[in-house]
Structures are given as structure tokens and as C-alpha cells.
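K.L.:
For reference, this is start.txt, and it has compact mmCIF, C-alpha atoms.
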# COMPACT_ATOMS: atom_id res chain seq x y z
CA MET A 1 258.09 1.26 330.43
CA ALA A 2 255.95 3.33 328.12
CA SER A 3 257.31 6.60 326.90
CA ASP A 4 256.29 10.07 327.99
CA ASN A 5 257.25 11.24 324.54
CA PRO A 6 256.57 8.44 322.10
CA THR A 7 256.68 10.66 319.04
CA GLY A 8 260.22 11.90 319.57
CA ALA A 9 258.98 15.31 318.47
CA VAL A 10 260.97 17.24 321.04
CA ASN A 11 264.18 15.55 319.99
CA GLN A 12 263.48 16.40 316.39
CA GLN A 13 263.01 20.06 317.29
CA GLU A 14 266.09 20.14 319.47
CA ARG A 15 268.24 18.29 316.97
CA PRO A 16 267.07 18.74 313.37
CA GLY A 17 267.64 15.66 311.31
CA ILE A 18 267.94 13.31 314.29
CA GLU A 19 264.98 11.23 313.11
CA GLN A 20 266.58 10.80 309.70
CA TRP A 21 269.83 9.76 311.37
CA VAL A 22 267.88 7.09 313.24
CA VAL A 23 266.28 5.94 309.97
CA GLY A 24 269.69 5.60 308.34
CA PHE A 25 271.14 3.81 311.35
CA VAL A 26 268.21 1.38 311.44
CA ASP A 27 268.48 0.90 307.65
CA GLY A 28 272.01 -0.25 308.41
CA GLU A 29 271.80 -2.04 311.75
CA GLY A 30 268.17 -2.42 312.76
CA CYS A 31 266.16 -5.61 313.02
CA PHE A 32 262.42 -6.26 313.17
CA SER A 33 261.77 -9.78 314.38
CA VAL A 34 258.82 -11.92 315.32
CA SER A 35 258.98 -15.40 316.84
CA VAL A 36 256.53 -17.96 318.11
CA VAL A 37 257.82 -19.81 321.13
CA ARG A 38 256.39 -22.43 323.44
CA ASN A 39 254.76 -20.94 326.50
CA ASP A 40 252.45 -23.13 328.53
CA GLY A 41 251.07 -20.02 330.22
CA CYS A 42 249.43 -18.93 326.97
CA LEU A 43 246.02 -19.90 325.74
CA LEU A 44 247.30 -21.94 322.80
CA GLY A 45 250.57 -23.02 324.40
CA TRP A 46 252.49 -20.67 322.06
CA GLN A 47 253.50 -17.06 322.47
CA VAL A 48 254.10 -14.53 319.71
CA GLN A 49 257.14 -12.43 320.56
CA HIS A 50 258.13 -9.27 318.78
CA GLU A 51 261.20 -7.11 318.98
CA PHE A 52 262.66 -4.07 317.32
CA SER A 53 266.40 -3.94 317.96
CA VAL A 54 269.62 -2.22 316.96
CA THR A 55 272.94 -3.84 317.83
CA GLN A 56 276.36 -2.21 318.23
CA ALA A 57 279.70 -2.97 319.81
CA ALA A 58 280.05 -1.45 323.28
CA PRO A 59 282.19 1.56 322.24
CA SER A 60 279.20 2.91 320.29
CA ARG A 61 276.93 2.93 323.33
CA ALA A 62 276.27 6.67 322.91
CA ALA A 63 274.62 6.00 319.54
CA LEU A 64 272.26 3.46 321.12
CA ASP A 65 271.50 5.88 323.96
CA LEU A 66 270.52 8.39 321.30
CA VAL A 67 268.24 5.88 319.56
CA ARG A 68 266.61 5.09 322.90
CA GLU A 69 266.12 8.78 323.59
CA VAL A 70 264.45 9.33 320.20
CA PHE A 71 262.00 6.45 320.70
CA GLY A 72 261.49 7.21 324.39
CA CYS A 73 261.22 3.52 325.23
CA GLY A 74 263.13 0.27 325.17
CA SER A 75 266.26 -0.80 326.97
CA ILE A 76 269.92 -1.45 326.19
CA ILE A 77 271.03 -4.99 326.91
CA GLU A 78 274.56 -6.38 326.96
CA GLN A 79 275.08 -9.55 324.96
CA ARG A 80 278.03 -11.84 325.43
CA ARG A 81 279.94 -12.22 322.17
CA LYS A 82 280.52 -15.65 320.76
CA ASP A 83 283.14 -14.61 318.24
CA GLY A 84 285.91 -13.93 320.76
CA ARG A 85 286.13 -10.22 319.97
CA HIS A 86 287.25 -7.82 322.62
CA HIS A 87 284.20 -5.60 322.96
CA SER A 88 280.85 -6.83 324.16
CA LEU A 89 277.76 -6.24 322.04
CA LEU A 90 274.93 -3.99 323.13
CA ARG A 91 271.40 -4.32 321.85
CA PHE A 92 268.83 -1.54 321.99
CA SER A 93 265.63 -3.52 322.32
CA VAL A 94 261.93 -2.74 322.31
CA LYS A 95 259.78 -5.80 322.98
CA ARG A 96 256.75 -4.39 324.77
CA ARG A 97 253.82 -4.30 322.39
CA ALA A 98 252.46 -1.01 323.75
CA ASP A 99 255.83 0.67 323.07
CA LEU A 100 256.07 -0.85 319.61
CA VAL A 101 252.56 0.29 318.71
CA THR A 102 252.72 3.77 320.20
CA ALA A 103 256.34 4.72 319.48
CA VAL A 104 258.10 2.48 316.94
CA LEU A 105 255.35 2.00 314.34
CA PRO A 106 254.40 5.70 314.16
CA PHE A 107 258.06 6.69 313.92
CA PHE A 108 258.66 4.55 310.83
CA GLU A 109 255.33 5.55 309.35
CA ARG A 110 256.46 9.17 309.53
CA ASN A 111 260.01 8.28 308.45
CA PRO A 112 260.07 5.32 306.03
CA LEU A 113 263.20 3.20 305.75
CA LYS A 114 265.05 3.49 302.45
CA THR A 115 266.44 -0.04 302.16
CA VAL A 116 264.64 -3.33 301.60
CA LYS A 117 264.27 -3.44 305.39
CA GLN A 118 261.13 -1.36 304.85
CA LEU A 119 259.41 -4.59 303.77
CA ASP A 120 260.36 -6.25 307.05
CA PHE A 121 258.94 -3.25 308.88
CA GLU A 122 255.65 -3.51 306.99
CA ARG A 123 255.30 -7.20 307.85
CA PHE A 124 256.24 -6.49 311.45
CA ARG A 125 253.53 -3.81 311.57
CA SER A 126 251.05 -6.17 309.98
CA VAL A 127 251.67 -8.79 312.69
CA LEU A 128 251.34 -6.21 315.45
CA ARG A 129 248.07 -4.96 314.00
CA LEU A 130 246.72 -8.52 313.88
CA MET A 131 247.73 -8.93 317.51
CA GLN A 132 246.02 -5.70 318.45
CA GLU A 133 242.84 -7.31 317.11
CA GLY A 134 243.48 -10.42 319.23
CA VAL A 135 243.97 -12.57 316.15
CA HIS A 136 246.85 -14.47 317.77
CA LEU A 137 244.50 -15.89 320.39
CA THR A 138 242.95 -18.36 317.97
CA GLU A 139 244.69 -21.21 316.19
CA ALA A 140 243.65 -19.90 312.78
CA GLY A 141 244.96 -16.47 313.73
CA LEU A 142 248.24 -17.82 315.01
CA ARG A 143 248.70 -19.65 311.73
CA ARG A 144 247.93 -16.45 309.81
CA ILE A 145 250.54 -14.57 311.81
CA ALA A 146 253.02 -17.37 311.19
CA GLN A 147 252.38 -17.17 307.47
CA GLU A 148 252.78 -13.40 307.44
CA THR A 149 256.02 -13.63 309.33
CA ALA A 150 257.34 -16.40 307.06
CA ARG A 151 257.79 -13.70 304.45
CA MET A 152 260.22 -11.80 306.62
CA ASN A 153 263.87 -12.28 305.82
CA ARG A 154 264.82 -14.96 308.32
CA LYS A 155 266.48 -18.33 308.27
CA ALA A 156 265.52 -20.84 310.92
CA PRO A 157 262.34 -22.93 310.60
CA SER A 158 259.43 -22.32 312.92
CA ARG A 159 258.89 -24.70 315.75
CA TYR A 160 255.28 -23.59 315.76
CA LEU A 161 254.50 -24.43 312.14
CA GLU A 162 256.24 -27.78 312.59
CA SER A 163 254.30 -28.54 315.76
CA SER A 164 251.38 -30.93 316.03
CA GLU A 165 249.08 -28.02 316.89
CA ALA A 166 249.82 -26.30 313.61
CA ILE A 167 249.96 -29.44 311.50
CA ARG A 168 246.55 -30.70 312.57
CA GLN A 169 245.05 -27.48 311.15
CA PRO A 170 245.06 -27.70 307.36
CA PRO A 171 245.95 -24.40 305.69
CA ARG A 172 243.20 -22.39 304.11
CA PRO A 173 243.00 -22.94 300.36
CA ASP A 174 243.90 -19.35 299.64
CA THR A 175 247.08 -19.33 301.67
CA GLU A 176 250.36 -21.13 301.49
CA VAL A 177 252.06 -22.44 304.57
CA LYS A 178 255.66 -21.36 304.69
CA ARG A 179 258.35 -21.96 307.24
CA TRP A 180 258.66 -19.36 309.90
CA SER A 181 261.86 -18.41 311.51
CA GLU A 182 262.97 -17.82 315.05
CA PRO A 183 266.27 -16.06 314.53
CA HIS A 184 266.80 -15.23 318.19
CA GLY A 185 265.61 -18.45 319.77
CA ASP A 186 267.53 -17.89 322.99
CA MET A 187 267.11 -14.18 323.46
CA TRP A 188 263.66 -14.40 324.93
CA SER A 189 264.54 -16.77 327.72
CA ASN A 190 264.60 -13.99 330.31
CA SER A 191 261.67 -12.10 328.92
CA SER A 192 259.17 -11.04 331.53
CA GLU A 193 256.57 -10.13 328.90
CA ILE A 194 253.77 -12.54 328.26
CA PRO A 195 251.73 -10.73 325.61
CA CYS A 196 249.03 -13.36 325.53
CA ARG A 197 245.96 -14.37 327.48
CA VAL A 198 246.68 -16.81 330.27
CA LYS A 199 244.78 -20.10 330.21
CA MET B 1 284.96 11.39 288.04
CA ALA B 2 284.89 14.49 290.21
CA SER B 3 281.56 15.79 291.29
CA ASP B 4 279.78 18.88 290.01
CA ASN B 5 278.15 19.15 293.42
CA PRO B 6 280.57 17.87 295.99
CA THR B 7 278.80 19.47 298.93
CA GLY B 8 275.47 17.74 298.38
CA ALA B 9 273.83 21.07 299.26
CA VAL B 10 271.11 20.79 296.65
CA ASN B 11 270.10 17.39 297.90
CA GLN B 12 269.88 18.68 301.44
CA GLN B 13 267.62 21.52 300.34
CA GLU B 14 265.45 19.25 298.23
CA ARG B 15 265.23 16.56 300.88
CA PRO B 16 265.62 17.89 304.41
CA GLY B 17 267.40 15.43 306.64
CA ILE B 18 268.95 13.44 303.80
CA GLU B 19 272.48 14.17 305.02
CA GLN B 20 271.58 12.89 308.47
CA TRP B 21 270.10 9.76 306.92
CA VAL B 22 273.42 9.21 305.15
CA VAL B 23 275.30 9.71 308.43
CA GLY B 24 273.13 7.11 310.15
CA PHE B 25 273.47 4.68 307.26
CA VAL B 26 277.25 5.09 307.23
CA ASP B 27 277.33 4.74 311.04
CA GLY B 28 275.71 1.37 310.41
CA GLU B 29 277.22 0.12 307.17
CA GLY B 30 280.03 2.42 306.10
CA CYS B 31 283.73 1.62 305.96
CA PHE B 32 286.80 3.85 305.78
CA SER B 33 289.79 1.79 304.73
CA VAL B 34 293.40 2.39 303.83
CA SER B 35 295.81 -0.22 302.50
CA VAL B 36 299.40 -0.30 301.31
CA VAL B 37 299.87 -2.68 298.41
CA ARG B 38 302.80 -3.61 296.23
CA ASN B 39 302.91 -1.54 293.05
CA ASP B 40 306.13 -1.52 291.06
CA GLY B 41 304.91 1.55 289.19
CA CYS B 42 305.19 3.65 292.34
CA LEU B 43 308.25 5.49 293.55
CA LEU B 44 308.76 3.30 296.62
CA GLY B 45 307.29 0.13 295.16
CA TRP B 46 304.24 0.49 297.42
CA GLN B 47 300.95 2.25 296.84
CA VAL B 48 298.66 3.73 299.49
CA GLN B 49 295.07 2.97 298.60
CA HIS B 50 292.06 4.56 300.24
CA GLU B 51 288.37 3.85 299.99
CA PHE B 52 285.14 4.99 301.53
CA SER B 53 282.46 2.37 300.97
CA VAL B 54 278.97 1.30 301.93
CA THR B 55 277.83 -2.25 301.20
CA GLN B 56 274.30 -3.58 300.78
CA ALA B 57 272.54 -6.59 299.32
CA ALA B 58 271.29 -5.96 295.79
CA PRO B 59 267.62 -5.36 296.72
CA SER B 60 268.67 -2.18 298.54
CA ARG B 61 270.31 -0.68 295.46
CA ALA B 62 268.08 2.41 295.69
CA ALA B 63 269.64 3.30 299.05
CA LEU B 64 273.14 3.14 297.56
CA ASP B 65 272.01 5.24 294.59
CA LEU B 66 270.82 7.83 297.10
CA VAL B 67 274.18 7.80 298.90
CA ARG B 68 275.95 8.25 295.58
CA GLU B 69 273.66 11.14 294.70
CA VAL B 70 274.36 12.88 298.01
CA PHE B 71 278.13 12.61 297.62
CA GLY B 72 278.02 13.34 293.90
CA CYS B 73 280.87 10.93 293.22
CA GLY B 74 281.88 7.28 293.47
CA SER B 75 280.50 4.20 291.80
CA ILE B 76 278.39 1.17 292.68
CA ILE B 77 280.19 -2.12 292.15
CA GLU B 78 278.72 -5.62 292.24
CA GLN B 79 280.61 -8.09 294.40
CA ARG B 80 280.20 -11.83 294.11
CA ARG B 81 279.08 -13.31 297.42
CA LYS B 82 281.11 -16.05 298.98
CA ASP B 83 278.49 -17.10 301.51
CA GLY B 84 276.12 -18.72 299.04
CA ARG B 85 273.28 -16.27 299.63
CA HIS B 86 270.84 -15.53 296.90
CA HIS B 87 271.36 -11.79 296.40
CA SER B 88 274.61 -10.32 295.19
CA LEU B 89 276.29 -7.59 297.21
CA LEU B 90 276.66 -4.04 295.94
CA ARG B 91 279.33 -1.68 297.20
CA PHE B 92 279.13 2.10 296.85
CA SER B 93 282.79 2.99 296.56
CA VAL B 94 284.80 6.21 296.45
CA LYS B 95 288.52 5.57 295.90
CA ARG B 96 289.66 8.62 293.98
CA ARG B 97 291.58 10.94 296.29
CA ALA B 98 290.18 14.11 294.73
CA ASP B 99 286.64 12.90 295.40
CA LEU B 100 287.48 11.84 298.94
CA VAL B 101 289.09 15.20 299.70
CA THR B 102 286.51 17.43 298.05
CA ALA B 103 283.30 15.53 298.79
CA VAL B 104 283.63 12.84 301.47
CA LEU B 105 285.81 14.60 304.05
CA PRO B 106 283.83 17.87 304.03
CA PHE B 107 280.57 15.93 304.29
CA PHE B 108 281.61 14.17 307.50
CA GLU B 109 283.19 17.35 308.87
CA ARG B 110 279.79 19.02 308.50
CA ASN B 111 277.96 15.92 309.71
CA PRO B 112 279.96 13.94 312.28
CA LEU B 113 279.32 10.24 312.73
CA LYS B 114 277.76 9.26 316.04
CA THR B 115 279.32 5.83 316.53
CA VAL B 116 282.92 4.87 317.22
CA LYS B 117 283.33 4.87 313.43
CA GLN B 118 284.02 8.60 313.80
CA LEU B 119 287.51 7.64 315.02
CA ASP B 120 288.11 5.64 311.84
CA PHE B 121 286.99 8.65 309.83
CA GLU B 122 289.41 10.92 311.67
CA ARG B 123 292.34 8.56 310.99
CA PHE B 124 291.24 8.21 307.38
CA ARG B 125 291.19 11.99 307.06
CA SER B 126 294.60 12.24 308.71
CA VAL B 127 296.08 9.82 306.15
CA LEU B 128 294.53 11.72 303.25
CA ARG B 129 295.89 15.01 304.58
CA LEU B 130 299.37 13.52 304.84
CA MET B 131 299.05 12.31 301.26
CA GLN B 132 297.93 15.75 300.12
CA GLU B 133 301.26 16.97 301.48
CA GLY B 134 303.10 14.24 299.55
CA VAL B 135 304.25 12.54 302.73
CA HIS B 136 303.62 9.08 301.27
CA LEU B 137 306.32 9.65 298.68
CA THR B 138 309.14 9.16 301.19
CA GLU B 139 309.93 6.01 303.15
CA ALA B 140 309.64 7.84 306.47
CA GLY B 141 306.30 9.25 305.38
CA LEU B 142 305.00 5.89 304.25
CA ARG B 143 305.93 4.45 307.63
CA ARG B 144 304.14 7.34 309.36
CA ILE B 145 301.02 6.67 307.33
CA ALA B 146 301.26 2.98 308.15
CA GLN B 147 301.49 3.77 311.83
CA GLU B 148 298.52 6.11 311.67
CA THR B 149 296.47 3.52 309.89
CA ALA B 150 297.49 0.78 312.33
CA ARG B 151 295.18 2.47 314.81
CA MET B 152 292.16 1.93 312.58
CA ASN B 153 289.94 -0.96 313.48
CA ARG B 154 291.27 -3.67 311.16
CA LYS B 155 292.51 -7.19 311.45
CA ALA B 156 295.06 -8.39 308.91
CA PRO B 157 298.76 -7.53 309.25
CA SER B 158 300.38 -5.13 306.83
CA ARG B 159 302.54 -6.55 304.11
CA TYR B 160 304.25 -3.21 303.94
CA LEU B 161 305.31 -3.04 307.58
CA GLU B 162 306.53 -6.63 307.33
CA SER B 163 308.48 -5.91 304.18
CA SER B 164 312.22 -5.48 303.96
CA GLU B 165 311.75 -1.86 302.90
CA ALA B 166 309.92 -1.03 306.09
CA ILE B 167 312.06 -3.18 308.36
CA ARG B 168 315.32 -1.60 307.31
CA GLN B 169 314.01 1.77 308.51
CA PRO B 170 314.07 1.83 312.33
CA PRO B 171 311.07 3.55 313.89
CA ARG B 172 311.48 7.01 315.32
CA PRO B 173 311.94 6.92 319.11
CA ASP B 174 308.70 8.81 319.66
CA THR B 175 306.54 6.45 317.66
CA GLU B 176 305.52 2.88 318.01
CA VAL B 177 305.38 0.58 315.02
CA LYS B 178 302.10 -1.28 314.93
CA ARG B 179 300.76 -3.76 312.46
CA TRP B 180 298.74 -2.31 309.67
CA SER B 181 295.86 -4.06 308.11
CA GLU B 182 294.72 -4.62 304.60
CA PRO B 183 291.16 -5.77 305.11
CA HIS B 184 290.29 -5.83 301.43
CA GLY B 185 293.46 -7.30 300.02
CA ASP B 186 291.83 -8.44 296.81
CA MET B 187 289.43 -5.63 296.10
CA TRP B 188 292.03 -3.40 294.57
CA SER B 189 293.16 -5.82 291.93
CA ASN B 190 291.17 -4.11 289.21
CA SER B 191 291.77 -0.59 290.40
CA SER B 192 292.77 1.78 287.67
CA GLU B 193 293.89 4.42 290.17
CA ILE B 194 297.57 4.82 290.84
CA PRO B 195 297.62 7.63 293.38
CA CYS B 196 301.40 7.81 293.51
CA ARG B 197 304.22 9.25 291.52
CA VAL B 198 305.54 6.92 288.84
CA LYS B 199 309.21 6.03 289.00
Represent the structure of the file as C-alpha cells.

P.N.:
Amino acid sequence: MASDNPTGAVNQQERPGIEQWVVGFVDGEGCFSVSVVRNDGCLLGWQVQHEFSVTQAAPSRAALDLVREVFGCGSIIEQRRKDGRHHSLLRFSVKRRADLVTAVLPFFERNPLKTVKQLDFERFRSVLRLMQEGVHLTEAGLRRIAQETARMNRKAPSRYLESSEAIRQPPRPDTEVKRWSEPHGDMWSNSSEIPCRVK
Amino acid sequence: MASDNPTGAVNQQERPGIEQWVVGFVDGEGCFSVSVVRNDGCLLGWQVQHEFSVTQAAPSRAALDLVREVFGCGSIIEQRRKDGRHHSLLRFSVKRRADLVTAVLPFFERNPLKTVKQLDFERFRSVLRLMQEGVHLTEAGLRRIAQETARMNRKAPSRYLESSEAIRQPPRPDTEVKRWSEPHGDMWSNSSEIPCRVK
């Protein structure tokens, strides 16, 4: 759901410094991620997915509630732990492009991150801006987004750039094709967002 | 070395919100740890060691420099990575008790943490206060500190509480002996601090 208060300005007035606390917390625990996943409902058979998230163990739920309040959007999702620890993990998550564009991007433009995560934010913003222009709806555009995202600090290779659709398109001479990651390959399985044009 | 500006007040005036950024960053990446390690130079043969630290990959050095500037004490130490990643790890570290007592504790008393890490801070502060009273210089006091620290969120068992010195002292009826962790068993090996009375 979109926010009634995407700027967080009221929170900042009520609690001086709260935006800087969020910046520090995100410098420590935040994640900006972009993935391309198969989706036969999309024009090109691939969907660009984007998420801003902050993860904490369940006892720190109040901190995630505060983050959610500052951004005025997103949801808090419980994740089952795979490491056998006692407490479950909670993830504050903003996936909806309208929320990312109207609340998350302006927040970090006003309040830059202080760690190297700022670079991830800038690439994340770059991808979202390309998507706002509809660039992801063409094969050349999807490849451009993939290349931009390849520079984010991720590990796993991209299924999209390894796919026949991507391979049959030679890269432009002025760009280099890099591998693109999908660090959260399973976390989108229940996503109800299809931010792409249906065939 | 002790700080000339342990309150960080100048930084806060120069950069509004910087203290809250530090709180958020520590909520994400900070660690309050206490260990009891063998040290034959100490009165009881055991030394209580205490550290406040924040760890980052090397490209985020500027963020650790900022943390150090705000606290006005501590040092930044390079750690060799064991996970084969490209960048080395840097740890902002304050171990000296005078710095912890005059700079770190007052900072987090003025600016409470917002995650469950606040509980670790409160136990850390409790141990430091006991040490300020010299409690760690008696066997009963060392056991009390060990019990207090057992409630911090750590994993490894305490060599002290398993030692013959600790075992021969039965616990007081109103306390429960718990296992005490030493999460950074090797990181003290080069410490030049001996915060205990020499035999």
C-alpha cells in the first residue's frame, strides 16, 4: 500500500534524528536487491523484481516497526531460519515500485548512506529509473538493466543473462556483459506484484 | 588513549543527527563483548576483558572513521578474513576501560539502542560498573561478573566457569551459575591491556 506520508517528515519532527538512525541501521543491516526471474505473464517472459529490506531477529521487531513507520510503506515478513537458531527472522520489505520510487529513493537522496552500501543504492535507483521509463519492456533494455545490476554486490549468476533470450542478443560494443545475481531466488515465490506489462 | 572529547558533543553540533546515525549503525553492526581469559599476571589468574566493536568490510572504512571520531577513542584494526572474500575486515575497537566508561557508556545512556542489543549494552555496563568497584578482584566477584555476562547473547562456554578455580566456589543460593561465553577467544592475544591488579 502506498504511504500517506512518504517523506517521513512528521516522524523527523516528532523524533529528531530518527532519519539518521534509519540511515545507520540500513548502513548496517539494509539490502537493496534486484533480480530477474522467469514469469510467463510478462512481455519478455522475464520479470524484474526489486526490494529494499532490513532483516532482524524477532526480538528486535520494534526496530523494524520504527523503520516501517519512517518510510510509511512496506511490510514485515517472518522468515523461517535455516540455521537452527531459536528466534525467527523478520524482514522489513518494500517491493512495490511506487513505494520505492516515492518513499525509499527520496529518503536516501535526502539522507545518503555512509558505507559502501551507498553504491548499491545508486545502482538500485538507476534500475528503478530505467524501469520508470519502461526500458525493461524491451530485450535491449532488460539486458541494460541486467548489466547495471551486475555491478551490485551479489553472488549468484543470473538465470536471465544465461538464458537463450539473452544469449541470442549480442552485447552492444560499448558495454560488457557481466553475470547478474539473484540472491533471494526463493523469496519472490509468493509475490503478488507483477511490475511488467502482460503479454 | 583517552579522548579529549569523550562526549562527542562537537560532532553532534557540527553534524546534526550524527549520534543517531551511530546508534543505528551500532544497532546493526555493533558488538558489546566481555570475556574471562587466563592471565597469570592477574591476581586470580584470570582477566576480564571487555570490548565495544563495530566491524565492516574495508571499503566502508570511512564509516568506521566516523564512528571513531564520534567516540573520540578506540582504534581501527584490520582482521584477516577466513571466508576467502576479497576485502579484508576492519574492526573499530574500544577495549580500554577508561574509554569505555568515559565515552562509550555515556554515549549510549544519552542515545539508547533501539534493538534487543540494548540488553547487551546494559549487561556490558553492569560488568564495567562492577569492575569500577573492584569486584573482579575477588573470586566471588569474578563469579558474579561471569554470571552477569552469561546472560549476554553469546555462544561458547566459559573457560573460567569450567575451571577448577570457579568450580571449587559453590554458587550463592540466590544465583544461578550459567555458562559464559568467549566469542572472540583469539582476538585478545595481542592485547596490551591488563585491566587487573598484578600479583

K.L.:
Residues of chain B within 8 Å of chain A, using only C-alpha atoms, as a list in words?

P.N.:
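Here is what falls inside 8 Å: Pro16, Gly17, Ile18, Gln20, Trp21, Val22, Val23, Gly24, Phe25, Val26, Asp27, Gly28, Glu29, Pro59, Ser60, Arg61, Ala62, Ala63, Lys114, Thr115 and Val116 of chain B.
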
K.L.:
Which polymer residues, protein or nucleic acid, are no farther than 10 Å from (290.9, 6.1, 311.0), counting all atoms listed in the file, as a list in words?

P.N.:
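Within 10 Å of (290.9, 6.1, 311.0), the protein and nucleic acid residues are Cys31, Phe32, Ser33, Val34, Lys117, Gln118, Leu119, Asp120, Phe121, Glu122, Arg123, Phe124, Arg125, Ser126, Val127, Glu148, Thr149, Ala150, Arg151, Met152, Asn153 and Arg154 of chain B.
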
K.L.:
To one decimal place, how far is atom CA of Leu105 of chain B from atom CA of Val67 of chain B in Å?

P.N.:
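Between atom CA of Leu105 of chain B and atom CA of Val67 of chain B the gap is 14.4 Å.
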
K.L.:
So how many Å separate atom CA of Val104 of chain A and atom CA of Ser75 of chain A, to one decimal?

P.N.:
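If I compute the distance from atom CA of Val104 of chain A to atom CA of Ser75 of chain A, I get 13.3 Å.
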
K.L.:
Interatomic distance between atom CA of Asn39 of chain B and atom CA of Arg68 of chain B?

P.N.:
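Atom CA of Asn39 of chain B sits 28.8 Å away from atom CA of Arg68 of chain B.
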
K.L.:
Might you pull out every residue within 9 Å of Ile76 of chain A, with only C-alpha atoms counted and same-chain residues fewer than 2 positions away left off, and present them as an MDAnalysis selection string?

P.N.:
chainID A and resid 61 64:65 68 74 78 90:94

K.L.:
Can you tell me, as a PyMOL selection string, what residues are no more than 7 Å from Trp46 of chain A when counting all atoms listed in the file, ignoring any on the same chain fewer than 4 positions away?

P.N.:
chain A and resi 36-40+42

K.L.:
Under the rule that only C-alpha atoms are counted, which of B:Asp83, B:Glu51, B:Glu109, B:Glu69 is the nearest residue to Arg15 of chain B?

P.N.:
B:Glu69

K.L.:
Would you pull segment 140-153 of chain B out of the block just shown and save N, CA, C and O atoms as an mmCIF file, in the first residue's frame?

P.N.:
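What landed in result28.cif:
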data_model
loop_
_atom_site.group_PDB
_atom_site.id
_atom_site.type_symbol
_atom_site.label_atom_id
_atom_site.label_comp_id
_atom_site.auth_asym_id
_atom_site.auth_seq_id
_atom_site.Cartn_x
_atom_site.Cartn_y
_atom_site.Cartn_z
ATOM 1 N N ALA B 140 34.632 -14.367 44.406
ATOM 2 C CA ALA B 140 33.162 -14.233 44.411
ATOM 3 C C ALA B 140 32.722 -13.180 43.392
ATOM 4 O O ALA B 140 31.727 -13.353 42.678
ATOM 5 N N GLY B 141 33.500 -12.122 43.290
ATOM 6 C CA GLY B 141 33.159 -11.061 42.349
ATOM 7 C C GLY B 141 33.329 -11.511 40.909
ATOM 8 O O GLY B 141 32.506 -11.188 40.041
ATOM 9 N N LEU B 142 34.387 -12.275 40.675
ATOM 10 C CA LEU B 142 34.623 -12.767 39.313
ATOM 11 C C LEU B 142 33.478 -13.692 38.892
ATOM 12 O O LEU B 142 32.995 -13.622 37.761
ATOM 13 N N ARG B 143 33.028 -14.510 39.843
ATOM 14 C CA ARG B 143 31.901 -15.390 39.544
ATOM 15 C C ARG B 143 30.637 -14.561 39.250
ATOM 16 O O ARG B 143 29.887 -14.857 38.328
ATOM 17 N N ARG B 144 30.446 -13.506 40.015
ATOM 18 C CA ARG B 144 29.265 -12.652 39.807
ATOM 19 C C ARG B 144 29.305 -12.012 38.417
ATOM 20 O O ARG B 144 28.294 -11.945 37.710
ATOM 21 N N ILE B 145 30.482 -11.567 38.039
ATOM 22 C CA ILE B 145 30.623 -10.983 36.697
ATOM 23 C C ILE B 145 30.344 -12.042 35.636
ATOM 24 O O ILE B 145 29.661 -11.789 34.638
ATOM 25 N N ALA B 146 30.869 -13.244 35.869
ATOM 26 C CA ALA B 146 30.647 -14.325 34.908
ATOM 27 C C ALA B 146 29.158 -14.614 34.771
ATOM 28 O O ALA B 146 28.642 -14.814 33.665
ATOM 29 N N GLN B 147 28.464 -14.617 35.869
ATOM 30 C CA GLN B 147 27.027 -14.886 35.826
ATOM 31 C C GLN B 147 26.276 -13.777 35.095
ATOM 32 O O GLN B 147 25.361 -14.034 34.315
ATOM 33 N N GLU B 148 26.678 -12.550 35.341
ATOM 34 C CA GLU B 148 26.037 -11.423 34.656
ATOM 35 C C GLU B 148 26.246 -11.536 33.147
ATOM 36 O O GLU B 148 25.327 -11.342 32.353
ATOM 37 N N THR B 149 27.454 -11.890 32.793
ATOM 38 C CA THR B 149 27.795 -11.935 31.380
ATOM 39 C C THR B 149 27.179 -13.144 30.693
ATOM 40 O O THR B 149 26.961 -13.130 29.480
ATOM 41 N N ALA B 150 26.879 -14.182 31.471
ATOM 42 C CA ALA B 150 26.256 -15.379 30.894
ATOM 43 C C ALA B 150 24.926 -15.030 30.239
ATOM 44 O O ALA B 150 24.457 -15.741 29.359
ATOM 45 N N ARG B 151 24.334 -13.921 30.663
ATOM 46 C CA ARG B 151 23.027 -13.549 30.117
ATOM 47 C C ARG B 151 23.163 -12.772 28.814
ATOM 48 O O ARG B 151 22.156 -12.467 28.163
ATOM 49 N N MET B 152 24.387 -12.448 28.429
ATOM 50 C CA MET B 152 24.577 -11.778 27.139
ATOM 51 C C MET B 152 24.438 -12.823 26.034
ATOM 52 O O MET B 152 24.585 -14.021 26.250
ATOM 53 N N ASN B 153 24.172 -12.340 24.868
ATOM 54 C CA ASN B 153 23.803 -13.227 23.771
ATOM 55 C C ASN B 153 25.036 -13.824 23.082
ATOM 56 O O ASN B 153 25.446 -13.395 22.027
#
